[in-house]
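A short worksheet on the structure shown next.
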Amino acid sequence: MDTNQDVAAIDRHRALQIWITENLKMLPLPERAHGNFFEECCYVILHVPQSPKAPRGGSGDLHYWIGKEASAESQGAAVTFLQRLREALGDGTVLHRESQGHESDCFHSYFRPGVIYRKGGQASALKHVETNMYNVQRLLHIRGRKHVSATEVALSWNSFNKGGIFLLDLGKVLIQWNGPKTCISEKSRALTLTCSLRDRERGGRAQIGVVDDEKKATDLMHIMEAVLGCRSGSLGASAPSSGVSQQQKANVRLYHVCEKGTDLVVQELATRPLTQDLLQEEGCYLLDQGGFKIYMWQGRKSSPQDKKAAFNRAVGFIQAKGYPNYTNVEVVNEGAESTAFQQLFQMWSEERDGKKHKGKNKLMQAKPDMGKLHTQPELAAQLRMVDDGSGKVEVWCIQDLQRQPVDPRHHGQLCSGNCYLALYTYQKLGRVRYILYLWQGHQTTIEDTKALNLNAEELDLMYQGALVQEHVTMGREPPHFLAIFQGQLVVFQGCAGNRGKGPPTSSPRLFHVQGTDSHNTRTMEVQARASSLISSDIFFLVTADVCYLWFGKSCSGDQRERARVVAAVFPGNDMETVLEGQEPPHFWEALGGRAPYPSNKRLPEVSGIQPRLFECSSPSGGLVLTEVVFFGQEDLDKYDVMLLDTCQEIFLWLGEAAGGWKEALAWGHEYLRTHPAGRSLDTPIALVKQGYEPATFTGWFASWDPYKWTNNQSYEEVVEGSLRPGAAISEITAEVHNFQLTRRPSDNKAGPSTLPASKGSQDCLEKDLELGPSADGKDPSISRSTGSCCSSVANGSLPRERLMHQAVEDPPQGVDPARKEFYLSDSDFQDIFGKSKEEFYSMAKWKQQQEKKKLGFF
């Protein structure tokens with residue numbers, strides 16, 4: 001298999017790249033298809049952390065994903081491609097073996113709000129997810145807590161159970177059915193995935209209905225029974241909760257792996273607690289974490305043969321131990337260990353020999369020379385700075401779905417309710433280069449985000465594809481983005497005024513200044529309360545009469561210099577410098593009175609220490625933790641109990657609607673007691689409630705929005721307010737209740753039958769209302785026996801001229817515009833398409849769409 005072209009095409013500046021097996025070749029998967037996995041295929045996923053605070057220091061993670069129906073040939077092609085990619089990326093890449101339904105937390109952390117497992121493979125997998133794809137009829141079983149997945153199952157009531165959540169996807173209508181034994185957090189997370197599917201695959205234009213109580217959702221239940229048939233008997237019992245307890249994960253064993261002659265020897269060395277000195281740079285070691293996960297560690301001086309055989313040796317060990325074949329495998333080289341691997345040992349040092357990374361630490365301590373960025377690409381990559389930010393800057397604000405130019409006087413003054421485009425022009429080696437930043441605030445709408453991307457595409461066409469586009473989220477701006485505004489980036493809460501001429505104004509307002517130079521300084525508006533102050537930082541308090549520049553007693557001279565530069569953003573008011581402890585009465589009056597605030601410095605960054613965030617649950621009595629590897633504030637949900645481990649301290653974050661608050665402290669103690677590294681039981685444990693987070697907690701997050709909790713809708717409010725029945729649901733309900741349906745007897749000739757409109761006549765509902773092809777791609781009206789029915793127009797009752805080349809928005813009454821060809825007679829269908837309906841509907845959906853477009857039925 002030739003992989004040279006794909007290896008050469010790796011874009012190291014993209015966070016996520018995916019390849020899929022197709023005819024024993026690996027083909028790149030477009031971003032819009034990410035998160036969809038076909039069970040007959042194998043995938044290779046490359047994740048390259050783009051943040052300087054990434055959880056590990058390696059060059060990335062390579063995941064080899066195996067669908068449950070994937071052939072041995074597909075698996076072999078994926079493994080070969082995986083090895084070639086790793087050779088190109090270097091030893092800093094960590095390898096992972098993943099199996100469908102049993103993936104690692106690291107894998108799931110790439111796909112928010114969840115993954116979808118789909119039937120089929122081959123050509124069907126490369127048919128990319130398209131908006132306006134309404135010709136769908138499938139049933140998805142949604143599982144998971146923090147990491148959600150949806151699996152395509154048989155379109156039948158037999159697939160349902162009392163503790164499950166199921167999504168009936170009918171193209172224009174998505175019905176989420178919540179089992180009576182499901183909890184509200186599961187419902188909420190499933191609804192997030194349902195909304196994501198609507199937005200990604202239907203362009204936001206499908207209707208969502210939710211069935212929490214079947215007796216209160218009679219219209220939706222009528223639709224479900226029309227598609228699934230009348231339910232007979234009671235629902236099945238809830239499936240047992242899955243999850244590996246911390247007690248099982250604590251059972252770690254370390255083995256030395258070596259060859260003696262023609263034999264492979266696997267010798268046990270130690271059990272918990274493990275120490276780092278057991279790992280020798282000449283050797284290869286296997287770490288078994290309770291049969292839950294297998295690590296293969298390879299020293300820097302281990303042979304190439306040992307490194308190449310790592311996967312096979314791990315799989316052989318799994319088979320010898322009798323572990324499930326889906327057991328996860330992670331292969332790491334010395335110096336590129338994941339945080340999860342490091343924390344299996346009592347102590348972990350990045351500098352065991354006392355010399356390692358010495359030059360790097362010196363470089364980080366010294367102030368970088370920006371003049372060397374053009375001649376030292378490695379420095380530019382490390383600092384994420386193409387130059388010092390002195391080039392030309394143009395800024396547009398997205399308003400009314402169009403880009404409006406921002407006055408240069410207001411460059412760098414952004415609003416959390418808007419999206420912005422910032423075009424940066426600079427020269428490198430005599431050539432003009434461009435970077436287009438797409439900045440998105442935390443309070444923007446889906447429509448604004450779509451308009452942002454469309455306007456970026458227009459600009460890219462104007463510059464003949466020469467723009468480098470970088471998506472930036474509020475609070476996570478890269479250093480160069482901060483530098484192009486010369487350290488004067490100020491983010492205001494709310495939306496900008498008309499035509500993007502500047503931020504809204506009100507009084508009083510409090511702004512938090514963080515940073516010591518032009519490429520790390522940002523100013524964010526916070527709540528105008530005394531509790532928002534921090535002694536180690538600087539704040540601007542803007543009132544109607546005066547602007548106070550408040551210096552915390554622990555701030556540095558560099559911080560003060562940067563704050564004086566930022567002060568130029570707040571003209572028109574008298575500037576008054578105030579030292580902590582010497583504030584005038586008017587200062588506290590503007591903040592609503594005095595209140596306690598953090599007086600200590602922020603926690604310093606500790607080299608080699610990476611915090612880890614987990615969701616806590618206890619489905620079967622023992623503590624089960626689900627890790628969120630690349631975490632942010634958005635991963636804290638009101639229904640959660642989260643555990644943040646910073647090594648020196650354990651934080652337990654309690655969402656305002658979370659159950660199990662009383663158990664939280666016990667969970668913290670159990671986490672320490674069962675930790676594989678044998679953690680001290682005296683480690684401090686802090687309980688933090690939602691909305692009351694201290695700086696010692698929020699400081700571990702890349703960004704923190706103090707307003708995040710103020711306007712959060714509950715699950716019930718989302719269902720009641722945003723997901724009320726719409727036109728599509730009403731239309732299908734009308735078909736179920738009022739339309740005249742056609743029974744298809746065994747001779748395939750249409751005959752009239754009337755569906756009663758009475759809600760109490762559910763037993764008379766026809767079993768198979770035709771709302772689209774079934775999950776296997778075949779037309780149900782052809783494959784099913786008597787008892788099936790279509791809409792108000794019988795199959796074959798309309799002439800071709802009323803169906804071909806007709807506008808989608810104006811079909812004949814009772815005709816599904818997504819399936820106009822269905823209403824042709826059998827003879828007309830054969831004449832136009834050159835095949836029978838049964839042959840046509842057995843084809844892949846993308847081929848069906850292609851023929852329909854060509855023949856005027858789309």
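Residue names in the structure tokens use chain letters A, B, ... in the order shown, residue numbers from 1 in each chain, and ligand numbers from 1 in the order shown.
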
For region 315-328 of chain A, list every protein, DNA or RNA residue within 12 Å, evaluated using only C-alpha atoms, and leave out those in the same chain fewer than 3 positions away; present the list as a PDB file with N, CA, C and O atoms, in the first residue's frame.
ATOM      1  N   HIS A  63      -4.339   7.155  16.963  1.00  0.00           N
ATOM      2  CA  HIS A  63      -5.304   6.148  17.392  1.00  0.00           C
ATOM      3  C   HIS A  63      -5.665   5.245  16.206  1.00  0.00           C
ATOM      4  O   HIS A  63      -5.972   5.727  15.118  1.00  0.00           O
ATOM      5  N   TYR A  64      -5.634   3.959  16.462  1.00  0.00           N
ATOM      6  CA  TYR A  64      -6.035   2.946  15.476  1.00  0.00           C
ATOM      7  C   TYR A  64      -7.374   2.394  15.950  1.00  0.00           C
ATOM      8  O   TYR A  64      -7.457   1.696  16.954  1.00  0.00           O
ATOM      9  N   TRP A  65      -8.468   2.731  15.224  1.00  0.00           N
ATOM     10  CA  TRP A  65      -9.828   2.385  15.637  1.00  0.00           C
ATOM     11  C   TRP A  65     -10.343   1.232  14.785  1.00  0.00           C
ATOM     12  O   TRP A  65     -10.272   1.276  13.559  1.00  0.00           O
ATOM     13  N   ILE A  66     -10.900   0.221  15.449  1.00  0.00           N
ATOM     14  CA  ILE A  66     -11.371  -0.985  14.767  1.00  0.00           C
ATOM     15  C   ILE A  66     -12.883  -1.083  14.916  1.00  0.00           C
ATOM     16  O   ILE A  66     -13.407  -1.192  16.036  1.00  0.00           O
ATOM     17  N   GLY A  67     -13.624  -1.045  13.799  1.00  0.00           N
ATOM     18  CA  GLY A  67     -15.064  -1.280  13.838  1.00  0.00           C
ATOM     19  C   GLY A  67     -15.358  -2.734  14.146  1.00  0.00           C
ATOM     20  O   GLY A  67     -14.576  -3.630  13.808  1.00  0.00           O
ATOM     21  N   LYS A  68     -16.492  -2.992  14.781  1.00  0.00           N
ATOM     22  CA  LYS A  68     -16.773  -4.363  15.230  1.00  0.00           C
ATOM     23  C   LYS A  68     -16.999  -5.332  14.071  1.00  0.00           C
ATOM     24  O   LYS A  68     -16.899  -6.543  14.260  1.00  0.00           O
ATOM     25  N   LEU A  95       0.903   5.823  20.537  1.00  0.00           N
ATOM     26  CA  LEU A  95      -0.004   4.976  19.757  1.00  0.00           C
ATOM     27  C   LEU A  95      -1.104   4.419  20.661  1.00  0.00           C
ATOM     28  O   LEU A  95      -0.836   4.006  21.796  1.00  0.00           O
ATOM     29  N   HIS A  96      -2.317   4.363  20.130  1.00  0.00           N
ATOM     30  CA  HIS A  96      -3.455   3.813  20.873  1.00  0.00           C
ATOM     31  C   HIS A  96      -4.196   2.813  19.990  1.00  0.00           C
ATOM     32  O   HIS A  96      -4.419   3.061  18.804  1.00  0.00           O
ATOM     33  N   ARG A  97      -4.588   1.712  20.563  1.00  0.00           N
ATOM     34  CA  ARG A  97      -5.455   0.734  19.882  1.00  0.00           C
ATOM     35  C   ARG A  97      -6.831   0.837  20.493  1.00  0.00           C
ATOM     36  O   ARG A  97      -7.012   0.610  21.688  1.00  0.00           O
ATOM     37  N   GLU A  98      -7.829   1.194  19.662  1.00  0.00           N
ATOM     38  CA  GLU A  98      -9.188   1.426  20.144  1.00  0.00           C
ATOM     39  C   GLU A  98     -10.149   0.459  19.457  1.00  0.00           C
ATOM     40  O   GLU A  98      -9.986   0.148  18.276  1.00  0.00           O
ATOM     41  N   SER A  99     -11.141  -0.006  20.185  1.00  0.00           N
ATOM     42  CA  SER A  99     -12.173  -0.870  19.625  1.00  0.00           C
ATOM     43  C   SER A  99     -13.535  -0.223  19.796  1.00  0.00           C
ATOM     44  O   SER A  99     -13.793   0.458  20.800  1.00  0.00           O
ATOM     45  N   GLN A 100     -14.407  -0.438  18.827  1.00  0.00           N
ATOM     46  CA  GLN A 100     -15.726   0.194  18.839  1.00  0.00           C
ATOM     47  C   GLN A 100     -16.462  -0.090  20.145  1.00  0.00           C
ATOM     48  O   GLN A 100     -16.617  -1.228  20.567  1.00  0.00           O
ATOM     49  N   GLY A 101     -16.927   0.982  20.786  1.00  0.00           N
ATOM     50  CA  GLY A 101     -17.685   0.860  22.019  1.00  0.00           C
ATOM     51  C   GLY A 101     -16.843   0.772  23.269  1.00  0.00           C
ATOM     52  O   GLY A 101     -17.387   0.773  24.382  1.00  0.00           O
ATOM     53  N   HIS A 102     -15.512   0.703  23.113  1.00  0.00           N
ATOM     54  CA  HIS A 102     -14.630   0.558  24.277  1.00  0.00           C
ATOM     55  C   HIS A 102     -13.424   1.483  24.144  1.00  0.00           C
ATOM     56  O   HIS A 102     -12.330   1.148  24.573  1.00  0.00           O
ATOM     57  N   GLU A 103     -13.635   2.655  23.590  1.00  0.00           N
ATOM     58  CA  GLU A 103     -12.533   3.583  23.339  1.00  0.00           C
ATOM     59  C   GLU A 103     -12.051   4.230  24.637  1.00  0.00           C
ATOM     60  O   GLU A 103     -12.764   4.301  25.630  1.00  0.00           O
ATOM     61  N   SER A 104     -10.837   4.762  24.566  1.00  0.00           N
ATOM     62  CA  SER A 104     -10.240   5.441  25.710  1.00  0.00           C
ATOM     63  C   SER A 104     -10.875   6.814  25.919  1.00  0.00           C
ATOM     64  O   SER A 104     -11.507   7.378  25.011  1.00  0.00           O
ATOM     65  N   ASP A 105     -10.689   7.356  27.124  1.00  0.00           N
ATOM     66  CA  ASP A 105     -11.177   8.711  27.408  1.00  0.00           C
ATOM     67  C   ASP A 105     -10.495   9.733  26.502  1.00  0.00           C
ATOM     68  O   ASP A 105     -11.100  10.734  26.107  1.00  0.00           O
ATOM     69  N   CYS A 106      -9.223   9.502  26.205  1.00  0.00           N
ATOM     70  CA  CYS A 106      -8.484  10.413  25.327  1.00  0.00           C
ATOM     71  C   CYS A 106      -9.163  10.491  23.962  1.00  0.00           C
ATOM     72  O   CYS A 106      -9.359  11.568  23.409  1.00  0.00           O
ATOM     73  N   PHE A 107      -9.550   9.342  23.420  1.00  0.00           N
ATOM     74  CA  PHE A 107     -10.226   9.290  22.124  1.00  0.00           C
ATOM     75  C   PHE A 107     -11.539  10.071  22.176  1.00  0.00           C
ATOM     76  O   PHE A 107     -11.827  10.902  21.310  1.00  0.00           O
ATOM     77  N   VAL A 244     -15.377   0.987  34.550  1.00  0.00           N
ATOM     78  CA  VAL A 244     -14.335   0.320  35.315  1.00  0.00           C
ATOM     79  C   VAL A 244     -14.106   1.099  36.590  1.00  0.00           C
ATOM     80  O   VAL A 244     -13.849   2.311  36.562  1.00  0.00           O
ATOM     81  N   TYR A 255       5.753  -5.500  33.886  1.00  0.00           N
ATOM     82  CA  TYR A 255       6.468  -6.655  33.340  1.00  0.00           C
ATOM     83  C   TYR A 255       7.621  -6.177  32.474  1.00  0.00           C
ATOM     84  O   TYR A 255       7.501  -5.167  31.758  1.00  0.00           O
ATOM     85  N   VAL A 257       9.777  -7.043  29.199  1.00  0.00           N
ATOM     86  CA  VAL A 257       9.601  -7.820  27.977  1.00  0.00           C
ATOM     87  C   VAL A 257      10.924  -7.861  27.229  1.00  0.00           C
ATOM     88  O   VAL A 257      11.509  -6.810  26.934  1.00  0.00           O
ATOM     89  N   LEU A 264      10.145 -15.191  23.488  1.00  0.00           N
ATOM     90  CA  LEU A 264       9.783 -13.902  24.071  1.00  0.00           C
ATOM     91  C   LEU A 264       9.493 -14.134  25.546  1.00  0.00           C
ATOM     92  O   LEU A 264       8.612 -14.922  25.904  1.00  0.00           O
ATOM     93  N   VAL A 265      10.210 -13.430  26.403  1.00  0.00           N
ATOM     94  CA  VAL A 265      10.078 -13.606  27.848  1.00  0.00           C
ATOM     95  C   VAL A 265       9.381 -12.387  28.443  1.00  0.00           C
ATOM     96  O   VAL A 265       9.801 -11.250  28.218  1.00  0.00           O
ATOM     97  N   VAL A 266       8.311 -12.646  29.178  1.00  0.00           N
ATOM     98  CA  VAL A 266       7.568 -11.590  29.867  1.00  0.00           C
ATOM     99  C   VAL A 266       7.663 -11.879  31.360  1.00  0.00           C
ATOM    100  O   VAL A 266       7.053 -12.823  31.872  1.00  0.00           O
ATOM    101  N   GLN A 267       8.423 -11.071  32.082  1.00  0.00           N
ATOM    102  CA  GLN A 267       8.725 -11.319  33.491  1.00  0.00           C
ATOM    103  C   GLN A 267       8.136 -10.219  34.365  1.00  0.00           C
ATOM    104  O   GLN A 267       8.389  -9.030  34.149  1.00  0.00           O
ATOM    105  N   TYR A 285       8.899  -2.455  28.425  1.00  0.00           N
ATOM    106  CA  TYR A 285       8.132  -2.859  29.595  1.00  0.00           C
ATOM    107  C   TYR A 285       6.643  -2.823  29.271  1.00  0.00           C
ATOM    108  O   TYR A 285       6.172  -1.982  28.491  1.00  0.00           O
ATOM    109  N   LEU A 286       5.934  -3.741  29.894  1.00  0.00           N
ATOM    110  CA  LEU A 286       4.483  -3.814  29.733  1.00  0.00           C
ATOM    111  C   LEU A 286       3.850  -3.542  31.094  1.00  0.00           C
ATOM    112  O   LEU A 286       4.206  -4.178  32.092  1.00  0.00           O
ATOM    113  N   LEU A 287       2.917  -2.600  31.125  1.00  0.00           N
ATOM    114  CA  LEU A 287       2.218  -2.258  32.361  1.00  0.00           C
ATOM    115  C   LEU A 287       0.756  -2.638  32.196  1.00  0.00           C
ATOM    116  O   LEU A 287       0.063  -2.128  31.309  1.00  0.00           O
ATOM    117  N   ASP A 288       0.291  -3.538  33.052  1.00  0.00           N
ATOM    118  CA  ASP A 288      -1.088  -4.024  33.011  1.00  0.00           C
ATOM    119  C   ASP A 288      -1.888  -3.318  34.096  1.00  0.00           C
ATOM    120  O   ASP A 288      -1.634  -3.515  35.294  1.00  0.00           O
ATOM    121  N   GLN A 289      -2.842  -2.497  33.690  1.00  0.00           N
ATOM    122  CA  GLN A 289      -3.683  -1.778  34.660  1.00  0.00           C
ATOM    123  C   GLN A 289      -4.993  -2.525  34.840  1.00  0.00           C
ATOM    124  O   GLN A 289      -6.030  -2.180  34.279  1.00  0.00           O
ATOM    125  N   GLY A 290      -4.946  -3.572  35.627  1.00  0.00           N
ATOM    126  CA  GLY A 290      -6.137  -4.323  36.003  1.00  0.00           C
ATOM    127  C   GLY A 290      -6.887  -4.941  34.839  1.00  0.00           C
ATOM    128  O   GLY A 290      -8.090  -5.186  34.955  1.00  0.00           O
ATOM    129  N   GLY A 291      -6.212  -5.210  33.720  1.00  0.00           N
ATOM    130  CA  GLY A 291      -6.899  -5.743  32.557  1.00  0.00           C
ATOM    131  C   GLY A 291      -7.758  -4.728  31.843  1.00  0.00           C
ATOM    132  O   GLY A 291      -8.368  -5.012  30.810  1.00  0.00           O
ATOM    133  N   PHE A 292      -7.805  -3.506  32.378  1.00  0.00           N
ATOM    134  CA  PHE A 292      -8.573  -2.419  31.761  1.00  0.00           C
ATOM    135  C   PHE A 292      -7.800  -1.786  30.613  1.00  0.00           C
ATOM    136  O   PHE A 292      -8.362  -1.438  29.569  1.00  0.00           O
ATOM    137  N   LYS A 293      -6.487  -1.649  30.801  1.00  0.00           N
ATOM    138  CA  LYS A 293      -5.650  -1.015  29.796  1.00  0.00           C
ATOM    139  C   LYS A 293      -4.247  -1.592  29.873  1.00  0.00           C
ATOM    140  O   LYS A 293      -3.753  -1.901  30.967  1.00  0.00           O
ATOM    141  N   ILE A 294      -3.623  -1.722  28.706  1.00  0.00           N
ATOM    142  CA  ILE A 294      -2.256  -2.228  28.613  1.00  0.00           C
ATOM    143  C   ILE A 294      -1.368  -1.128  28.041  1.00  0.00           C
ATOM    144  O   ILE A 294      -1.665  -0.567  26.987  1.00  0.00           O
ATOM    145  N   TYR A 295      -0.284  -0.797  28.775  1.00  0.00           N
ATOM    146  CA  TYR A 295       0.703   0.168  28.293  1.00  0.00           C
ATOM    147  C   TYR A 295       1.965  -0.591  27.861  1.00  0.00           C
ATOM    148  O   TYR A 295       2.413  -1.511  28.553  1.00  0.00           O
ATOM    149  N   MET A 296       2.528  -0.195  26.720  1.00  0.00           N
ATOM    150  CA  MET A 296       3.839  -0.680  26.301  1.00  0.00           C
ATOM    151  C   MET A 296       4.800   0.507  26.317  1.00  0.00           C
ATOM    152  O   MET A 296       4.636   1.449  25.551  1.00  0.00           O
ATOM    153  N   ALA A 309       7.387  -4.215  17.078  1.00  0.00           N
ATOM    154  CA  ALA A 309       6.608  -5.367  17.544  1.00  0.00           C
ATOM    155  C   ALA A 309       5.716  -5.034  18.730  1.00  0.00           C
ATOM    156  O   ALA A 309       5.060  -5.927  19.282  1.00  0.00           O
ATOM    157  N   ALA A 310       5.671  -3.773  19.155  1.00  0.00           N
ATOM    158  CA  ALA A 310       4.972  -3.405  20.389  1.00  0.00           C
ATOM    159  C   ALA A 310       3.503  -3.797  20.367  1.00  0.00           C
ATOM    160  O   ALA A 310       2.994  -4.413  21.312  1.00  0.00           O
ATOM    161  N   PHE A 311       2.794  -3.448  19.296  1.00  0.00           N
ATOM    162  CA  PHE A 311       1.372  -3.761  19.222  1.00  0.00           C
ATOM    163  C   PHE A 311       1.126  -5.265  19.285  1.00  0.00           C
ATOM    164  O   PHE A 311       0.267  -5.741  20.034  1.00  0.00           O
ATOM    165  N   ASN A 312       1.872  -6.017  18.488  1.00  0.00           N
ATOM    166  CA  ASN A 312       1.675  -7.466  18.456  1.00  0.00           C
ATOM    167  C   ASN A 312       1.945  -8.091  19.816  1.00  0.00           C
ATOM    168  O   ASN A 312       1.254  -9.023  20.242  1.00  0.00           O
ATOM    169  N   VAL A 331       0.907   2.670  23.408  1.00  0.00           N
ATOM    170  CA  VAL A 331       2.345   2.467  23.219  1.00  0.00           C
ATOM    171  C   VAL A 331       3.040   3.816  23.334  1.00  0.00           C
ATOM    172  O   VAL A 331       2.715   4.758  22.602  1.00  0.00           O
TER     173      VAL A 331
END

> DSSP says helix (DSSP H, G or I) for which residues of region 421-616 of chain A? Put them as an NGL selection string?
Replying inline: :A and (446-462 or 479-484 or 498-500 or 530-532 or 557-569 or 585-590)

> Any idea what's packed within 8 Å of region 481-494 of chain A, counting only C-alpha atoms, ignoring anything in its chain fewer than 5 positions away? Could you give it as a VMD selection string?
Replying inline: chain A and resid 388 to 391 393 411 to 417 424 437 443 503 to 504 517 to 525 562 565 to 566 569

>> From a backbone DSSP assignment, name each residue in region 213-323 of chain A labelled strand (DSSP E or B), as an NGL selection string.
In response: :A and (236 or 245 or 252-260 or 263-271 or 274 or 284-289 or 293-298)

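Residue nearest Pro273 (chain A), chosen from A:Val542, A:Leu27, A:Ile729, A:Ala677 and counting only C-alpha atoms: A:Ala677.
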
> Neighbours of region 616-621 of chain A within 12 Å (only C-alpha atoms; same-chain residues fewer than 3 positions away dropped), as a ChimeraX atom specification?
Replying inline: /A:144-146,183,185,239-247,613,624-628,636,639-644,651-655,658-661,663-668,670-671

> Which residues come within 12 Å of Asp828 (chain A), counting only C-alpha atoms, excluding same-chain residues fewer than 6 positions away, as a PyMOL selection string?
Replying inline: chain A and resi 795-801+803-804+821-822+834-837

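Excluding Asn455 (chain A) itself and same-chain residues fewer than 6 positions from it, the residues having an atom within 9 Å of it are Ile398, Leu401, Gln402, Arg403 and Leu421 of chain A, counting only C-alpha atoms.
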
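Closest to Gly120 (chain A) among A:Val815, A:Met462, A:Leu452, A:Cys42 is A:Cys42, based on only C-alpha atoms.
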
>> To one decimal place in Å, what is the distance between CA of Ala314 (chain A) and CA of Cys284 (chain A)?
In response: 11.4 Å

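When CA of His256 (chain A) is paired with CA of Gly299 (chain A), their separation reads 11.6 Å.
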
>> Could you list, as a list in words, every residue within 8 Å of region 206-215 of chain A, counting only C-alpha atoms and ignoring same-chain residues fewer than 2 positions away?
In response: Gly171, Lys172, Val173, Leu174, Ile175, Gln176, Trp177, Asn178, Gly179, Pro180, Thr194, Cys195, Arg198, Arg202, Gly203, Gly204, Ala217, Thr218, Leu220, Met221, Val719, Leu723, Arg724, Pro725, Gly726, Ala727, Ala728 and Ile729 of chain A
